[in-house]
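**Student:** Following this line is input.cif, made up of mmCIF, C-alpha atoms and all ligand atoms:
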```
data_data
loop_
_atom_site.label_atom_id
_atom_site.label_comp_id
_atom_site.auth_asym_id
_atom_site.auth_seq_id
_atom_site.Cartn_x
_atom_site.Cartn_y
_atom_site.Cartn_z
CA MET F 220 -30.17 120.59 41.99
CA TRP F 221 -26.90 119.78 40.19
CA ALA F 222 -26.75 116.41 41.92
CA LEU F 223 -30.32 115.65 40.78
CA PHE F 224 -29.38 116.51 37.18
CA MET F 225 -26.30 114.25 37.41
CA ILE F 226 -28.38 111.32 38.71
CA LYS F 227 -30.97 111.74 35.92
CA ASN F 228 -28.23 112.00 33.29
CA ALA F 229 -26.34 109.01 34.65
CA LYS F 230 -29.54 106.98 34.48
CA LYS F 231 -29.99 107.91 30.82
CA GLN F 232 -26.48 106.81 29.93
CA ARG F 233 -26.71 103.45 31.61
CA PRO F 234 -26.70 100.50 29.20
CA VAL F 235 -30.06 98.98 28.36
CA ASN F 236 -30.64 95.54 29.82
CA LEU F 237 -30.72 93.34 26.70
CA ASP F 238 -33.75 91.08 26.40
CA LEU F 239 -32.22 87.92 24.91
CA THR F 240 -35.66 86.43 24.24
CA THR F 241 -36.31 89.08 21.58
CA MET F 242 -33.03 88.38 19.75
CA ARG F 243 -32.66 85.95 16.87
CA PHE F 244 -29.38 84.09 16.54
CA PRO F 245 -27.94 83.84 13.01
CA VAL F 246 -27.81 80.30 11.61
CA THR F 247 -23.98 80.34 11.80
CA ALA F 248 -24.12 81.05 15.56
CA ILE F 249 -26.61 78.20 16.10
CA ALA F 250 -24.34 75.86 14.10
CA SER F 251 -21.37 76.90 16.23
CA ILE F 252 -23.11 76.49 19.60
CA LEU F 253 -24.49 73.09 18.60
CA HIS F 254 -20.98 72.02 17.53
CA ARG F 255 -19.71 72.67 21.05
CA VAL F 256 -22.75 70.94 22.61
CA SER F 257 -22.32 67.90 20.31
CA GLY F 258 -18.58 67.78 21.16
CA VAL F 259 -19.38 67.60 24.89
CA ILE F 260 -22.09 64.94 24.30
CA THR F 261 -19.58 62.92 22.23
CA PHE F 262 -17.00 63.24 25.00
CA VAL F 263 -19.42 61.86 27.62
CA ALA F 264 -20.63 59.18 25.16
CA VAL F 265 -17.12 57.76 24.65
CA GLY F 266 -17.16 56.49 28.27
CA ILE F 267 -20.64 54.96 27.94
CA LEU F 268 -19.86 53.28 24.60
CA LEU F 269 -16.49 51.90 25.77
CA TRP F 270 -18.17 50.48 28.90
CA LEU F 271 -20.87 48.81 26.77
CA LEU F 272 -18.25 47.42 24.37
CA GLY F 273 -16.20 46.06 27.30
CA GLN F 274 -19.34 44.48 28.76
CA SER F 275 -20.27 42.82 25.46
CA LEU F 276 -16.73 41.44 24.94
CA SER F 277 -16.19 40.27 28.53
CA SER F 278 -17.95 36.88 28.19
CA PRO F 279 -20.97 35.25 26.50
CA GLU F 280 -23.03 36.23 29.58
CA GLY F 281 -21.64 39.77 29.37
CA PHE F 282 -22.75 39.93 25.74
CA LEU F 283 -26.29 38.91 26.79
CA VAL F 284 -26.29 41.62 29.46
CA ALA F 285 -25.20 44.21 26.87
CA SER F 286 -27.91 42.96 24.47
CA ALA F 287 -30.52 43.21 27.23
CA ILE F 288 -29.40 46.78 28.01
CA MET F 289 -29.71 47.70 24.34
CA GLY F 290 -33.20 46.17 24.25
CA SER F 291 -34.80 49.00 26.23
CA PHE F 292 -36.50 51.83 24.30
CA PHE F 293 -34.95 54.45 26.60
CA VAL F 294 -31.39 53.17 25.96
CA LYS F 295 -32.07 53.00 22.20
CA PHE F 296 -33.28 56.59 22.33
CA ILE F 297 -30.09 57.68 24.15
CA MET F 298 -27.97 55.77 21.56
CA TRP F 299 -29.84 57.48 18.73
CA GLY F 300 -29.16 60.86 20.40
CA ILE F 301 -25.46 60.00 20.80
CA LEU F 302 -25.14 58.95 17.13
CA THR F 303 -26.97 62.10 16.00
CA ALA F 304 -24.64 64.30 18.10
CA LEU F 305 -21.60 62.44 16.71
CA ALA F 306 -22.88 62.81 13.12
CA TYR F 307 -23.46 66.53 13.63
CA HIS F 308 -20.05 67.00 15.26
CA VAL F 309 -18.25 65.23 12.40
CA VAL F 310 -20.23 67.01 9.63
CA VAL F 311 -19.72 70.49 11.12
CA GLY F 312 -16.14 69.52 12.06
CA ILE F 313 -15.43 68.76 8.37
CA ARG F 314 -17.08 72.13 7.48
CA HIS F 315 -14.67 73.80 9.94
CA ILE F 316 -11.65 72.01 8.48
CA MET F 317 -12.77 72.95 4.94
CA MET F 318 -13.00 76.61 5.97
CA ASP F 319 -9.63 76.45 7.76
CA THR F 320 -7.91 74.95 4.69
CA GLY F 321 -9.53 77.40 2.25
CA LEU F 322 -11.74 74.78 0.54
CA LEU F 323 -14.77 76.80 1.67
CA GLU F 324 -14.92 80.58 1.45
CA GLU F 325 -14.95 82.43 4.77
CA THR F 326 -17.77 84.79 3.77
CA LEU F 327 -21.11 85.26 5.52
CA ILE F 328 -23.10 83.86 2.59
CA ALA F 329 -20.86 80.75 2.30
CA GLY F 330 -20.99 80.29 6.08
CA LYS F 331 -24.80 80.45 6.13
CA ARG F 332 -25.12 78.09 3.15
CA SER F 333 -22.65 75.51 4.52
CA ALA F 334 -24.36 75.64 7.94
CA MET F 335 -27.74 74.90 6.31
CA ILE F 336 -26.21 72.09 4.20
CA SER F 337 -24.63 70.63 7.37
CA PHE F 338 -28.05 70.62 9.10
CA VAL F 339 -29.63 68.77 6.16
CA ILE F 340 -26.80 66.17 6.03
CA THR F 341 -27.15 65.67 9.81
CA VAL F 342 -30.92 65.10 9.54
CA VAL F 343 -30.31 62.41 6.87
CA LEU F 344 -27.56 60.76 8.99
CA SER F 345 -29.79 60.98 12.07
CA LEU F 346 -32.60 59.15 10.22
CA LEU F 347 -30.09 56.46 9.16
CA ALA F 348 -28.90 56.21 12.78
CA GLY F 349 -32.53 55.64 13.82
CA VAL F 350 -32.82 52.80 11.30
CA LEU F 351 -29.55 51.32 12.64
CA VAL F 352 -30.62 51.49 16.29
CA TRP F 353 -34.22 50.23 15.86
C1 LIG E 1 -14.40 61.28 20.45
C2 LIG E 1 -14.61 62.12 19.47
C3 LIG E 1 -14.69 63.62 19.64
C4 LIG E 1 -14.91 64.39 20.76
C5 LIG E 1 -15.14 63.94 22.18
C6 LIG E 1 -14.85 65.77 20.32
C7 LIG E 1 -15.03 66.87 21.15
C8 LIG E 1 -14.84 68.16 20.78
C9 LIG E 1 -14.99 69.31 21.63
C10 LIG E 1 -15.44 69.27 23.09
C11 LIG E 1 -14.68 70.40 20.91
C12 LIG E 1 -14.62 71.84 21.40
C13 LIG E 1 -15.83 72.60 20.89
C14 LIG E 1 -15.73 74.06 21.29
O1 LIG E 1 -15.02 74.42 22.22
O2 LIG E 1 -16.42 74.85 20.63
C15 LIG E 1 -14.32 69.98 19.59
C16 LIG E 1 -13.94 70.80 18.56
C17 LIG E 1 -13.72 70.39 17.27
N1 LIG E 1 -13.92 69.12 16.76
FE1 LIG E 1 -14.30 67.49 17.85
N2 LIG E 1 -14.61 65.81 18.97
C18 LIG E 1 -14.52 64.52 18.51
C19 LIG E 1 -14.32 64.10 17.22
C20 LIG E 1 -14.19 64.94 16.15
C21 LIG E 1 -14.08 64.49 14.77
C22 LIG E 1 -14.15 63.03 14.30
C23 LIG E 1 -13.91 65.57 14.02
C24 LIG E 1 -13.73 65.57 12.52
C25 LIG E 1 -14.46 66.17 11.72
C26 LIG E 1 -13.91 66.75 14.91
C27 LIG E 1 -13.72 68.06 14.55
C28 LIG E 1 -13.63 69.13 15.41
C29 LIG E 1 -13.24 70.48 15.02
C30 LIG E 1 -12.84 70.94 13.63
C31 LIG E 1 -13.29 71.26 16.19
C32 LIG E 1 -12.92 72.74 16.33
C33 LIG E 1 -14.11 73.60 16.04
C34 LIG E 1 -13.80 75.07 16.21
O3 LIG E 1 -12.74 75.53 15.77
O4 LIG E 1 -14.63 75.79 16.79
N3 LIG E 1 -14.09 66.31 16.20
N4 LIG E 1 -14.43 68.62 19.53
#
```
Mind turning this structure into structure tokens?

**Tutor:**
Amino acid sequence: MWALFMIKNAKKQRPVNLDLTTMRFPVTAIASILHRVSGVITFVAVGILLWLLGQSLSSPEGFLVASAIMGSFFVKFIMWGILTALAYHVVVGIRHIMMDTGLLEETLIAGKRSAMISFVITVVLSLLAGVLVW
């Protein structure tokens, strides 16, 4: 009987399995996660961009090959994604540096506002990147 009571009680005290799909992330958390994602994309992109630059500078034929590669819609789309990730990383990076140096307040309201402003600036830069690529 006592053992049965203990089992029932133990079950009650067990932590609830959190359903992540019902949780909403605050805008500051989304900004932070995307900063890490954009940093990793930028890291991978450095290799691709340096290879393309090397190809274009290798010879006149190499330049034509690089131009042909850049002619495809798929490659242009990837380039646009890379430039958008870089723009986001730099904008939110500057936001980080401003918070670290005390230029921006480290309060929840200032964090939310600067995250929203960073998103807007990134959208504008992303549109400009699209114009540059196409
Ligand atoms: C080749 C260029 C770059 C690459 C590959 C890169 C990559 C990364 C990566 C992987 C992280 C770690 C993110 C994390 O663990 O959450 C990071 C953090 C950071 N990056 Fe960059 N980054 C680059 C350029 C820049 C530039 C130009 C800025 C200037 C605004 C910048 C500002 C920052 C800051 C402030 C952090 C720290 C953020 C924090 O404290 O959570 N990065 N970067």

**Student:** Leaving out Ser333 (chain F) and any residue of its chain fewer than 2 positions from it, which residues lie within 12 Å of it when counting all atoms listed in the file, given as a short mmCIF file (atom, residue, chain, number, x, y, z; two decimals) with C-alpha atoms, keeping the file's coordinate frame?

**Tutor:**
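File result21.cif, as written:
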```cif
data_model
loop_
_atom_site.label_atom_id
_atom_site.label_comp_id
_atom_site.auth_asym_id
_atom_site.auth_seq_id
_atom_site.Cartn_x
_atom_site.Cartn_y
_atom_site.Cartn_z
CA VAL F 246 -27.81 80.30 11.61
CA THR F 247 -23.98 80.34 11.80
CA ALA F 250 -24.34 75.86 14.10
CA SER F 251 -21.37 76.90 16.23
CA VAL F 310 -20.23 67.01 9.63
CA VAL F 311 -19.72 70.49 11.12
CA GLY F 312 -16.14 69.52 12.06
CA ILE F 313 -15.43 68.76 8.37
CA ARG F 314 -17.08 72.13 7.48
CA HIS F 315 -14.67 73.80 9.94
CA MET F 317 -12.77 72.95 4.94
CA MET F 318 -13.00 76.61 5.97
CA LEU F 322 -11.74 74.78 0.54
CA LEU F 323 -14.77 76.80 1.67
CA GLU F 324 -14.92 80.58 1.45
CA GLU F 325 -14.95 82.43 4.77
CA THR F 326 -17.77 84.79 3.77
CA LEU F 327 -21.11 85.26 5.52
CA ILE F 328 -23.10 83.86 2.59
CA ALA F 329 -20.86 80.75 2.30
CA GLY F 330 -20.99 80.29 6.08
CA LYS F 331 -24.80 80.45 6.13
CA MET F 335 -27.74 74.90 6.31
CA ILE F 336 -26.21 72.09 4.20
CA SER F 337 -24.63 70.63 7.37
CA PHE F 338 -28.05 70.62 9.10
CA VAL F 339 -29.63 68.77 6.16
CA ILE F 340 -26.80 66.17 6.03
#
```

**Student:** List every protein, DNA or RNA residue with an atom no more than 6 Å from (-26.8, 62.2, 14.3) in the file's coordinates, counting all atoms listed in the file, and format the result as a PyMOL selection string.

**Tutor:** chain F and resi 302-307+341+344-345

**Student:** Could you dump the residues just selected with C-alpha atoms as a PDB file, keeping the file's coordinate frame?

**Tutor:**
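To be explicit, this is the file written out as part30.pdb:
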```pdb
ATOM      1  CA  LEU F 302     -25.140  58.950  17.130  1.00  0.00           C
ATOM      2  CA  THR F 303     -26.970  62.100  16.000  1.00  0.00           C
ATOM      3  CA  ALA F 304     -24.640  64.300  18.100  1.00  0.00           C
ATOM      4  CA  LEU F 305     -21.600  62.440  16.710  1.00  0.00           C
ATOM      5  CA  ALA F 306     -22.880  62.810  13.120  1.00  0.00           C
ATOM      6  CA  TYR F 307     -23.460  66.530  13.630  1.00  0.00           C
ATOM      7  CA  THR F 341     -27.150  65.670   9.810  1.00  0.00           C
ATOM      8  CA  LEU F 344     -27.560  60.760   8.990  1.00  0.00           C
ATOM      9  CA  SER F 345     -29.790  60.980  12.070  1.00  0.00           C
TER      10      SER F 345
END
```

**Student:** Could you give me the residues within 6 Å of ligand LIG 1 (chain E), counting all atoms listed in the file, as a list in words?

**Tutor:**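 Based on all atoms listed in the file, ligand LIG 1 (chain E) is surrounded within 6 Å by Arg255, Gly258, Val259, Thr261, Phe262, Val309, Gly312, Ile313, His315 and Ile316 of chain F.
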
**Student:** How many Å lie between CA of Val263 (chain F) and CA of His308 (chain F), rounded to one decimal?

**Tutor:**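 Answer for the CA of Val263 (chain F) to CA of His308 (chain F) separation: 13.4 Å.
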
**Student:** For a test of reading the model, state the distance in Å between CA of Leu253 (chain F) and CA of Leu351 (chain F), rounded to one decimal.

**Tutor:**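 Interatomic distance, CA of Leu253 (chain F) to CA of Leu351 (chain F): 23.1 Å.
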
**Student:** Can you tell me how far CA of Phe244 (chain F) sits from CA of Ile301 (chain F), in Å to one decimal?

**Tutor:**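 The value is 24.8 Å.
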
**Student:** Some atoms are absent from region 293-316 of chain F, so rebuild N, CA and C atoms and return them as a PDB file, in the frame of the given file.

**Tutor:**
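Full text of out05.pdb as output:
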```pdb
ATOM      1  N   PHE F 293     -35.640  53.270  26.062  1.00  0.00           N
ATOM      2  CA  PHE F 293     -34.950  54.450  26.600  1.00  0.00           C
ATOM      3  C   PHE F 293     -33.475  54.448  26.171  1.00  0.00           C
ATOM      4  N   VAL F 294     -32.808  53.267  26.325  1.00  0.00           N
ATOM      5  CA  VAL F 294     -31.390  53.170  25.960  1.00  0.00           C
ATOM      6  C   VAL F 294     -31.218  53.383  24.450  1.00  0.00           C
ATOM      7  N   LYS F 295     -32.148  52.816  23.663  1.00  0.00           N
ATOM      8  CA  LYS F 295     -32.070  53.000  22.200  1.00  0.00           C
ATOM      9  C   LYS F 295     -32.190  54.478  21.856  1.00  0.00           C
ATOM     10  N   PHE F 296     -33.085  55.165  22.560  1.00  0.00           N
ATOM     11  CA  PHE F 296     -33.280  56.590  22.330  1.00  0.00           C
ATOM     12  C   PHE F 296     -31.997  57.383  22.642  1.00  0.00           C
ATOM     13  N   ILE F 297     -31.355  57.021  23.768  1.00  0.00           N
ATOM     14  CA  ILE F 297     -30.090  57.680  24.150  1.00  0.00           C
ATOM     15  C   ILE F 297     -29.029  57.403  23.071  1.00  0.00           C
ATOM     16  N   MET F 298     -28.946  56.140  22.594  1.00  0.00           N
ATOM     17  CA  MET F 298     -27.970  55.770  21.560  1.00  0.00           C
ATOM     18  C   MET F 298     -28.201  56.572  20.281  1.00  0.00           C
ATOM     19  N   TRP F 299     -29.492  56.703  19.935  1.00  0.00           N
ATOM     20  CA  TRP F 299     -29.840  57.480  18.730  1.00  0.00           C
ATOM     21  C   TRP F 299     -29.381  58.946  18.910  1.00  0.00           C
ATOM     22  N   GLY F 300     -29.594  59.478  20.102  1.00  0.00           N
ATOM     23  CA  GLY F 300     -29.160  60.860  20.400  1.00  0.00           C
ATOM     24  C   GLY F 300     -27.643  60.989  20.293  1.00  0.00           C
ATOM     25  N   ILE F 301     -26.926  59.982  20.842  1.00  0.00           N
ATOM     26  CA  ILE F 301     -25.460  60.000  20.800  1.00  0.00           C
ATOM     27  C   ILE F 301     -24.971  59.971  19.345  1.00  0.00           C
ATOM     28  N   LEU F 302     -25.561  59.073  18.537  1.00  0.00           N
ATOM     29  CA  LEU F 302     -25.140  58.950  17.130  1.00  0.00           C
ATOM     30  C   LEU F 302     -25.460  60.218  16.353  1.00  0.00           C
ATOM     31  N   THR F 303     -26.604  60.843  16.680  1.00  0.00           N
ATOM     32  CA  THR F 303     -26.970  62.100  16.000  1.00  0.00           C
ATOM     33  C   THR F 303     -25.965  63.204  16.364  1.00  0.00           C
ATOM     34  N   ALA F 304     -25.616  63.282  17.658  1.00  0.00           N
ATOM     35  CA  ALA F 304     -24.640  64.300  18.100  1.00  0.00           C
ATOM     36  C   ALA F 304     -23.295  64.051  17.426  1.00  0.00           C
ATOM     37  N   LEU F 305     -22.878  62.768  17.353  1.00  0.00           N
ATOM     38  CA  LEU F 305     -21.600  62.440  16.710  1.00  0.00           C
ATOM     39  C   LEU F 305     -21.632  62.825  15.226  1.00  0.00           C
ATOM     40  N   ALA F 306     -22.756  62.485  14.550  1.00  0.00           N
ATOM     41  CA  ALA F 306     -22.880  62.810  13.120  1.00  0.00           C
ATOM     42  C   ALA F 306     -22.779  64.321  12.922  1.00  0.00           C
ATOM     43  N   TYR F 307     -23.498  65.071  13.758  1.00  0.00           N
ATOM     44  CA  TYR F 307     -23.460  66.530  13.630  1.00  0.00           C
ATOM     45  C   TYR F 307     -22.043  67.057  13.863  1.00  0.00           C
ATOM     46  N   HIS F 308     -21.390  66.523  14.920  1.00  0.00           N
ATOM     47  CA  HIS F 308     -20.050  67.000  15.260  1.00  0.00           C
ATOM     48  C   HIS F 308     -19.063  66.748  14.113  1.00  0.00           C
ATOM     49  N   VAL F 309     -19.168  65.574  13.494  1.00  0.00           N
ATOM     50  CA  VAL F 309     -18.250  65.230  12.400  1.00  0.00           C
ATOM     51  C   VAL F 309     -18.558  66.100  11.162  1.00  0.00           C
ATOM     52  N   VAL F 310     -19.857  66.235  10.831  1.00  0.00           N
ATOM     53  CA  VAL F 310     -20.230  67.010   9.630  1.00  0.00           C
ATOM     54  C   VAL F 310     -19.774  68.474   9.785  1.00  0.00           C
ATOM     55  N   VAL F 311     -20.104  69.083  10.918  1.00  0.00           N
ATOM     56  CA  VAL F 311     -19.720  70.490  11.120  1.00  0.00           C
ATOM     57  C   VAL F 311     -18.210  70.604  11.341  1.00  0.00           C
ATOM     58  N   GLY F 312     -17.600  69.541  11.907  1.00  0.00           N
ATOM     59  CA  GLY F 312     -16.140  69.520  12.060  1.00  0.00           C
ATOM     60  C   GLY F 312     -15.463  69.561  10.694  1.00  0.00           C
ATOM     61  N   ILE F 313     -15.991  68.769   9.738  1.00  0.00           N
ATOM     62  CA  ILE F 313     -15.430  68.760   8.370  1.00  0.00           C
ATOM     63  C   ILE F 313     -15.643  70.141   7.730  1.00  0.00           C
ATOM     64  N   ARG F 314     -16.819  70.757   7.999  1.00  0.00           N
ATOM     65  CA  ARG F 314     -17.080  72.130   7.480  1.00  0.00           C
ATOM     66  C   ARG F 314     -16.015  73.098   8.013  1.00  0.00           C
ATOM     67  N   HIS F 315     -15.692  72.949   9.323  1.00  0.00           N
ATOM     68  CA  HIS F 315     -14.670  73.800   9.940  1.00  0.00           C
ATOM     69  C   HIS F 315     -13.327  73.613   9.255  1.00  0.00           C
ATOM     70  N   ILE F 316     -12.956  72.326   9.067  1.00  0.00           N
ATOM     71  CA  ILE F 316     -11.650  72.010   8.480  1.00  0.00           C
ATOM     72  C   ILE F 316     -11.591  72.550   7.048  1.00  0.00           C
TER      73      ILE F 316
END
```
